[in-house]
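Inspection log for the structure reproduced underneath, given as structure tokens.
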Amino acid sequence: MIDQSVIQELKGIVGEDNVLHNKADLQTYEYDAYLEKSLPDVVVFVSSTQEVSDVVKAANRAQVPFVARGRATNLSGGVLAMRQGIVIELARMDRVLDIDIENQRMIVEPAIYNLEVTGAIDNLGYYYAPDPASGKACSIGGNVGENAGGPHCFKYGVTSNHVLGMEVVLPDGEITWLGGKALDAPGLDLTGVFVGSEGTLGIATKLVLRILHKPEAVKTMLAVYDSIDDASNSVSAIVSHKMVPATLEMMDNLVIQAIEQSMAAGFPLDAAAVLLIELDGLKDGMEEMADKIVEICKENNVREIKVATCEAERAALWKGRKGAFGAIARLSPNYLVADGTVPRTKLPETLRMCREIGDKYGLRVANVFHAGDGNLHPLILFDSRNPEDKEKVLKAGMEMLQVCADMGGTVSGEHGVGIEKAEAMYMVYNEKDLLAQEWVKDAWDPQDLANPGKILPQRLIKREEAHVS
Amino acid sequence: MSTDVTKIEEFLPLYDEVAKCGKCGFCQPTCPVYRATGKESYVARGKNALFRNLIEGETVMEADLKEAFENCLLCRACTANCFPAVKTDQLVVAFRESYAQRFGRSTIQRWIFRNFLPYPDRMARVIGLAWLSKRMGMADLAKKIGIVGMINPKLETAMELRDEVPSSFLRDRTKNTDLTAKGETKYKVGYWVSCGYNYMLPEVGEATINVLRHNGADVEVLGNNCCGLPVYGYGDVDGARNLAKKNIDILGDLDQYDYIVSECGSCSGHLKEYGELLAADPEYSMRAERLLAKVRSFSELLVEIDAEKPLGEIQASVTYHDPCHMTTRYQGIVTQPRELIKNVPGVEFREMTESDWCCGAAGSYNIMHNDVSMKVLERKMGNVAKTEAEIVVTECPSCIMQLSLGAKRQGMENTKVMNVSQLLDESYRQADN
């Protein structure tokens, strides 16, 4: 338990009303969108960099761990307070600070919603490219922590390609800037180190984002298949023909069922798989590219291809894809998403093996994923009210990640490692590889106070020890 | 505060509902209270977590939980943006009901629910006294006693807003008014008297009746009680059922009316949900279904009967605020009011961002949690201001009062707030003159 004097000190920094520590409040900060829980000692609402710094310094003085939290939509347990301590709640730091159109840069606070970044510049003809399906609900700060991806990252790259600099409160409470507005900041690429560090190296309080012109033209197509293999082969064929669509998203039958029950996006219920293919760029040449893709899909036994003829049709198709994870709730109360990546050519085989793992445990597996990146998201369905199911699901998830690793892929595509995949790090790194990461963590946070127990398997806090419920 | 360590048996039927919450967080960006506060216990995901903890014995019913479940506008924005569509509003009402049953309501609240709301005469007398106190400069005293806010939470806002005190209630005003159709009688319409218009904005009701008469309706002012929505919102579900049954009895033979109409979105919306409320009672639920067939919101009815096009010109820019109970989250009357507004000559209609976001009035919320309510209202008024519209039209007395308060607080003195019926009435009148 945290010392009352620390709570008093925190109240002194942010004001009495901005410190929560009764059980009812704390129980609403013990979870994120992953499956575990861990109750923090205290939640502190901060509204400025200075407050973040002061709170972190207080945590240092008291040797109490802390974890930054924004919208808590992450899927790997990234914001769970595994060693209790302080949750630093950034939800109220959600402003746009600067829009610099000439230089295609924007500065925002961390808790701004991903979609609201684009919302702020949409009328100027610009957008922010990384588009996690949870964009409506997740924050940019969280995107940076997890190095989030999204459908359009196949063509445009993930969060680390779009965050050029940031103001950071280091684990000892000092405030510093990493990177800046320029594409290549001189010296070590600390921005690169920080993005994806899941709050273990400090707390970002201002973020410099690169923003892009909206493409001149967009074409969205839905390709319908009677077999998953044909859909997967189409993906490989499109890419090997040197074409780079903006997105190549696949959904299998179970996901189609869920989406249609939830929001009637117009996906055929009897299809084995659909591919959502979007082209963007200049108008010139787009028709030819679309024709070529139709041809390739036909060579790979596509059943039909629908092309969205207006913005409303395009929006309907995307609504289905963006809502896919949530729609799974129509089939089953809970799911675990195993976020692994394999070489594209290995997709059909990997999907088959994941299905077999599901069968072995008697669990349904639904697939919706970034096929272009080979980034799988097998969703393993279960009901968290049944503890046995949960154990099986965690095992099945690990086995699927092992398959991805065995296929020459990796164990995390874009959802971060958190607590979920810390053990899986051994599947892709040896002790020396991990030691290099340990050194970085030690250099930044020698006291191990910033979001302890995440990412690095040696630091994973065992369930018993962590009072996880 | 004493605690109850047993699991909450009455919540078990809602276990499947709450277990659907996958904690994805999509409720957060759409929850007006969360957006104003950033507090997780105020958003659906947090409430669902606490509710589930209560069922699973991970927490106990105690005072600290009350705040979480009090902080809900019942606007259903969370459910509308939830993939499994978890009905968090039902969990909230179930909590409020259970909490009150275990720890009791305040005596005064119970007394009012049981002894005033079902008795329009008593209501009228007390609220009349409250207005009288305002006229005599004693409004503060009446407020301090707290009775004003308890009997009808909106009254306090109304008292603050209105410089000019309504000289009489709508029900009294209609007693000496011609209620017959202008021209040929085409319909017989039962006019449902909403508390908000009756006690606080009687001029709106007069406008509504005029518009109905203009469109060939013989109007009968119904002798109804409070529809029961505020009582339901407090979690007194039995009290709400009693009011619903009483109202069904008062309306009697529904065949005598072609339609029953209310220009209060909350009343019309709640009347349509009587069937669900009384589902356990075969006789009354059947009568509620018959009522459902007759009930229309004002805009819904006017579009349905193809209302006469208003000819009087109103040179103004107008925006529309969707009351929660008119949105697709409740009645789904969304296009109709806009159609009516755009039909008025001279009007330039300007759609508002987040037009269907709750304004923060939400029954007693603006009294019980005034600070948060005012933040919710600030967001709404920001969106109103962006349209630069001269008139905000809506179809709910709570919204009218809350938005008027917002306009006053934000220094938007020239922004008028009115009901759809008032806009039409003004246009009809101008054409007649």
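In the structure tokens, chains take letters A, B, ... by order of appearance, with residues numbered from 1 within each chain and ligands from 1 in the order shown.
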DSSP strand (DSSP E) residues within stretch 11-225 of chain B, as an MDAnalysis selection string: chainID B and resid 187:191 217:221
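Any residue of chain A with an atom no more than 6 Å from chain B counts as a contact; using only C-alpha atoms, that gives Ala24, Thr28, Ala33, Thr73, Ala91, Ala137, Gly326, Ala327, Ala329, Arg330, Pro333 and Asn334 of chain A.
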A:Glu51 environment, 8 Å, only C-alpha atoms, sequence neighbours closer than 5 positions dropped, as a PyMOL selection string: chain A and resi 13-14+46
Next, write the just-selected residues to a file, as a PDB file, in the first residue's frame, keeping all heavy atoms as the atom set.
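Below you can see result_0.pdb, which holds the result:
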ATOM      1  N   ILE A  13       0.104  18.697  -5.381  1.00  0.00           N
ATOM      2  CA  ILE A  13       0.554  19.036  -6.735  1.00  0.00           C
ATOM      3  C   ILE A  13      -0.622  19.343  -7.668  1.00  0.00           C
ATOM      4  O   ILE A  13      -0.627  20.347  -8.374  1.00  0.00           O
ATOM      5  CB  ILE A  13       1.395  17.878  -7.333  1.00  0.00           C
ATOM      6  CG1 ILE A  13       2.658  17.659  -6.493  1.00  0.00           C
ATOM      7  CG2 ILE A  13       1.754  18.165  -8.797  1.00  0.00           C
ATOM      8  CD1 ILE A  13       3.395  16.361  -6.811  1.00  0.00           C
ATOM      9  N   VAL A  14      -1.626  18.456  -7.678  1.00  0.00           N
ATOM     10  CA  VAL A  14      -2.697  18.595  -8.688  1.00  0.00           C
ATOM     11  C   VAL A  14      -4.027  19.041  -8.091  1.00  0.00           C
ATOM     12  O   VAL A  14      -4.990  19.276  -8.832  1.00  0.00           O
ATOM     13  CB  VAL A  14      -2.915  17.265  -9.446  1.00  0.00           C
ATOM     14  CG1 VAL A  14      -1.701  16.908 -10.282  1.00  0.00           C
ATOM     15  CG2 VAL A  14      -3.288  16.139  -8.503  1.00  0.00           C
ATOM     16  N   VAL A  46      -3.586  14.730 -14.393  1.00  0.00           N
ATOM     17  CA  VAL A  46      -2.636  15.814 -14.627  1.00  0.00           C
ATOM     18  C   VAL A  46      -3.120  16.655 -15.799  1.00  0.00           C
ATOM     19  O   VAL A  46      -3.858  16.161 -16.663  1.00  0.00           O
ATOM     20  CB  VAL A  46      -1.236  15.263 -14.956  1.00  0.00           C
ATOM     21  CG1 VAL A  46      -0.584  14.697 -13.714  1.00  0.00           C
ATOM     22  CG2 VAL A  46      -1.317  14.218 -16.056  1.00  0.00           C
TER      23      VAL A  46
END
Which residues of stretch 325-381 of chain B come within 12 Å of stretch 393-402 of chain B, and for each one, what is the closest pair of atoms and their distance in Å to one decimal, counting only C-alpha atoms, sorted by chain and residue number, as JSON lines?
{"residue": "B:His325", "atom": "CA", "partner": "B:Cys396", "partner_atom": "CA", "distance": 8.7}
{"residue": "B:Met326", "atom": "CA", "partner": "B:Glu395", "partner_atom": "CA", "distance": 8.1}
{"residue": "B:Thr327", "atom": "CA", "partner": "B:Glu395", "partner_atom": "CA", "distance": 11.1}
{"residue": "B:Ile333", "atom": "CA", "partner": "B:Glu395", "partner_atom": "CA", "distance": 10.4}
{"residue": "B:Val334", "atom": "CA", "partner": "B:Glu395", "partner_atom": "CA", "distance": 10.9}
{"residue": "B:Gln336", "atom": "CA", "partner": "B:Glu395", "partner_atom": "CA", "distance": 11.2}
{"residue": "B:Pro337", "atom": "CA", "partner": "B:Thr394", "partner_atom": "CA", "distance": 8.1}
{"residue": "B:Arg338", "atom": "CA", "partner": "B:Val393", "partner_atom": "CA", "distance": 9.3}
{"residue": "B:Leu340", "atom": "CA", "partner": "B:Val393", "partner_atom": "CA", "distance": 10.8}
{"residue": "B:Ile341", "atom": "CA", "partner": "B:Val393", "partner_atom": "CA", "distance": 8.3}
{"residue": "B:Lys342", "atom": "CA", "partner": "B:Val393", "partner_atom": "CA", "distance": 11.4}
{"residue": "B:Val347", "atom": "CA", "partner": "B:Val393", "partner_atom": "CA", "distance": 11.7}
{"residue": "B:Phe349", "atom": "CA", "partner": "B:Val393", "partner_atom": "CA", "distance": 10.3}
{"residue": "B:Arg350", "atom": "CA", "partner": "B:Val393", "partner_atom": "CA", "distance": 11.0}
{"residue": "B:Glu351", "atom": "CA", "partner": "B:Val393", "partner_atom": "CA", "distance": 11.2}
{"residue": "B:Met352", "atom": "CA", "partner": "B:Val393", "partner_atom": "CA", "distance": 11.3}
{"residue": "B:Ser355", "atom": "CA", "partner": "B:Thr394", "partner_atom": "CA", "distance": 10.2}
{"residue": "B:Asp356", "atom": "CA", "partner": "B:Thr394", "partner_atom": "CA", "distance": 10.6}
{"residue": "B:Trp357", "atom": "CA", "partner": "B:Cys399", "partner_atom": "CA", "distance": 11.2}
{"residue": "B:Cys358", "atom": "CA", "partner": "B:Cys399", "partner_atom": "CA", "distance": 8.7}
{"residue": "B:Cys359", "atom": "CA", "partner": "B:Cys399", "partner_atom": "CA", "distance": 6.6}
{"residue": "B:Gly360", "atom": "CA", "partner": "B:Gln402", "partner_atom": "CA", "distance": 7.6}
{"residue": "B:Ala361", "atom": "CA", "partner": "B:Gln402", "partner_atom": "CA", "distance": 5.8}
{"residue": "B:Ala362", "atom": "CA", "partner": "B:Ser398", "partner_atom": "CA", "distance": 7.4}
{"residue": "B:Gly363", "atom": "CA", "partner": "B:Ser398", "partner_atom": "CA", "distance": 7.4}
{"residue": "B:Ser364", "atom": "CA", "partner": "B:Ser398", "partner_atom": "CA", "distance": 9.7}
{"residue": "B:Tyr365", "atom": "CA", "partner": "B:Ser398", "partner_atom": "CA", "distance": 10.8}
{"residue": "B:Asn366", "atom": "CA", "partner": "B:Gln402", "partner_atom": "CA", "distance": 8.4}
{"residue": "B:Ile367", "atom": "CA", "partner": "B:Gln402", "partner_atom": "CA", "distance": 11.0}
{"residue": "B:Asn370", "atom": "CA", "partner": "B:Gln402", "partner_atom": "CA", "distance": 11.3}
{"residue": "B:Ser373", "atom": "CA", "partner": "B:Gln402", "partner_atom": "CA", "distance": 9.4}
{"residue": "B:Met374", "atom": "CA", "partner": "B:Gln402", "partner_atom": "CA", "distance": 9.1}
{"residue": "B:Lys375", "atom": "CA", "partner": "B:Gln402", "partner_atom": "CA", "distance": 12.0}
{"residue": "B:Val376", "atom": "CA", "partner": "B:Gln402", "partner_atom": "CA", "distance": 10.6}
{"residue": "B:Leu377", "atom": "CA", "partner": "B:Gln402", "partner_atom": "CA", "distance": 7.7}
{"residue": "B:Glu378", "atom": "CA", "partner": "B:Gln402", "partner_atom": "CA", "distance": 10.7}
{"residue": "B:Lys380", "atom": "CA", "partner": "B:Gln402", "partner_atom": "CA", "distance": 10.3}
{"residue": "B:Met381", "atom": "CA", "partner": "B:Gln402", "partner_atom": "CA", "distance": 10.1}
Residues as selected, C-alpha atoms, written as an mmCIF file, in the first residue's frame, can you do that?
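File produced: out-v7.cif:
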data_model
loop_
_atom_site.group_PDB
_atom_site.id
_atom_site.type_symbol
_atom_site.label_atom_id
_atom_site.label_comp_id
_atom_site.auth_asym_id
_atom_site.auth_seq_id
_atom_site.Cartn_x
_atom_site.Cartn_y
_atom_site.Cartn_z
ATOM 1 C CA HIS B 325 -35.290 11.173 -26.622
ATOM 2 C CA MET B 326 -35.831 12.216 -30.243
ATOM 3 C CA THR B 327 -32.587 10.710 -31.579
ATOM 4 C CA ILE B 333 -37.444 11.297 -35.046
ATOM 5 C CA VAL B 334 -34.528 13.021 -36.708
ATOM 6 C CA GLN B 336 -38.923 15.368 -39.403
ATOM 7 C CA PRO B 337 -38.068 18.428 -37.290
ATOM 8 C CA ARG B 338 -35.424 19.453 -39.823
ATOM 9 C CA LEU B 340 -40.407 21.315 -40.780
ATOM 10 C CA ILE B 341 -37.785 23.963 -40.068
ATOM 11 C CA LYS B 342 -36.498 24.048 -43.644
ATOM 12 C CA VAL B 347 -35.147 30.274 -42.857
ATOM 13 C CA PHE B 349 -30.955 26.004 -41.907
ATOM 14 C CA ARG B 350 -27.484 25.315 -40.543
ATOM 15 C CA GLU B 351 -26.643 21.825 -39.316
ATOM 16 C CA MET B 352 -24.706 21.791 -36.066
ATOM 17 C CA SER B 355 -26.359 18.023 -32.945
ATOM 18 C CA ASP B 356 -27.540 14.881 -31.168
ATOM 19 C CA TRP B 357 -25.231 15.236 -28.175
ATOM 20 C CA CYS B 358 -26.978 15.624 -24.860
ATOM 21 C CA CYS B 359 -27.086 19.236 -23.660
ATOM 22 C CA GLY B 360 -26.497 18.098 -20.087
ATOM 23 C CA ALA B 361 -29.958 18.857 -18.696
ATOM 24 C CA ALA B 362 -30.990 15.204 -18.376
ATOM 25 C CA GLY B 363 -33.717 15.286 -15.757
ATOM 26 C CA SER B 364 -32.229 16.390 -12.485
ATOM 27 C CA TYR B 365 -28.632 16.048 -13.623
ATOM 28 C CA ASN B 366 -28.179 19.768 -14.039
ATOM 29 C CA ILE B 367 -29.212 20.279 -10.438
ATOM 30 C CA ASN B 370 -24.319 21.216 -11.838
ATOM 31 C CA SER B 373 -23.701 19.581 -16.485
ATOM 32 C CA MET B 374 -22.371 23.058 -17.203
ATOM 33 C CA LYS B 375 -19.250 21.592 -18.854
ATOM 34 C CA VAL B 376 -21.431 19.376 -21.035
ATOM 35 C CA LEU B 377 -23.475 22.451 -21.879
ATOM 36 C CA GLU B 378 -20.335 24.430 -22.745
ATOM 37 C CA LYS B 380 -22.962 22.112 -26.816
ATOM 38 C CA MET B 381 -22.971 25.908 -26.829
#
B:Arg76 surroundings by only C-alpha atoms, 7 Å radius, close-in-sequence under 2 positions cut, as an MDAnalysis selection string: chainID B and resid 74 78:80 89 329
Atom pair atom CA of B:Asn215 / atom CA of B:Lys186: separation (Å):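 About the pair atom CA of B:Asn215 and atom CA of B:Lys186: they are 8.0 Å apart.
Residues in contact with A:Glu423 at 9 Å, where only C-alpha atoms are counted and same-chain residues fewer than 6 positions away are skipped, are listed as Met398, Ile455, Leu456, Pro457, Gln458 and Leu460 of chain A.
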Please, could you write that set of residues out with all heavy atoms as a compact mmCIF listing (two decimals), in the first residue's frame?
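Wrote it out as part22.txt, contents follow:
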# COMPACT_ATOMS: atom_id res chain seq x y z
N MET A 398 -0.43 -18.10 -27.05
CA MET A 398 1.02 -18.28 -27.07
C MET A 398 1.43 -19.25 -28.18
O MET A 398 2.43 -19.03 -28.87
CB MET A 398 1.51 -18.80 -25.71
CG MET A 398 1.55 -17.73 -24.65
SD MET A 398 2.54 -16.31 -25.13
CE MET A 398 3.87 -16.45 -23.98
N ILE A 455 7.03 -5.72 -21.14
CA ILE A 455 7.88 -5.96 -22.31
C ILE A 455 8.98 -6.99 -22.07
O ILE A 455 9.03 -8.01 -22.72
CB ILE A 455 8.55 -4.67 -22.85
CG1 ILE A 455 7.49 -3.59 -23.13
CG2 ILE A 455 9.31 -4.99 -24.14
CD1 ILE A 455 8.09 -2.28 -23.64
N LEU A 456 9.89 -6.68 -21.14
CA LEU A 456 11.08 -7.52 -20.97
C LEU A 456 10.75 -8.70 -20.06
O LEU A 456 10.32 -8.51 -18.92
CB LEU A 456 12.22 -6.69 -20.39
CG LEU A 456 12.63 -5.54 -21.32
CD1 LEU A 456 13.53 -4.55 -20.61
CD2 LEU A 456 13.29 -6.10 -22.58
N PRO A 457 10.96 -9.93 -20.57
CA PRO A 457 10.45 -11.10 -19.84
C PRO A 457 11.05 -11.28 -18.45
O PRO A 457 10.36 -11.73 -17.56
CB PRO A 457 10.80 -12.27 -20.77
CG PRO A 457 11.78 -11.76 -21.76
CD PRO A 457 11.57 -10.29 -21.85
N GLN A 458 12.32 -10.87 -18.28
CA GLN A 458 12.89 -11.04 -16.93
C GLN A 458 12.17 -10.17 -15.91
O GLN A 458 12.23 -10.41 -14.72
CB GLN A 458 14.39 -10.66 -16.90
CG GLN A 458 15.28 -11.51 -17.77
CD GLN A 458 15.45 -10.85 -19.13
OE1 GLN A 458 14.50 -10.28 -19.68
NE2 GLN A 458 16.65 -10.92 -19.68
N LEU A 460 8.94 -9.43 -16.05
CA LEU A 460 7.51 -9.76 -15.95
C LEU A 460 7.18 -10.13 -14.51
O LEU A 460 7.86 -10.94 -13.91
CB LEU A 460 7.19 -10.93 -16.89
CG LEU A 460 5.72 -11.27 -17.06
CD1 LEU A 460 4.99 -10.14 -17.77
CD2 LEU A 460 5.58 -12.55 -17.86
Separation of atom CA of B:Val193 from atom CA of B:Pro120 in Å: 10.7 Å
Shell of 9 Å around A:Ile7, only C-alpha atoms, local chain residues under 5 positions omitted, as a ChimeraX atom specification: /A:2,12,19,21,42
Distance query stretch 166-183 of chain B at most 6 Å, only C-alpha atoms, self and fewer than 3 positions along chain excluded, as a list in words: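 Skipping anything fewer than 3 positions along the chain leaves Asn198, Tyr199, Pro202, Arg213, His214, Gly216, Ala217, Asp218 and Val219 of chain B.
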Distance of atom CA of A:Ala272 from atom CA of A:Asp252, expressed in Å to one decimal place: 5.8 Å
Counting only C-alpha atoms, the residue of B:Gly312, B:Gly233, B:Pro32, B:Gly275 that sits nearest B:Ile248: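 Smallest distance to B:Ile248 is found for B:Gly275.
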Alpha helix (DSSP H) per DSSP on the backbone: members of stretch 173-370 of chain B, as an MDAnalysis selection string: chainID B and resid 173:175 195 202:214 229:233 237:251 265:272 274:277 282:294 298:304 335:342 365:368 370
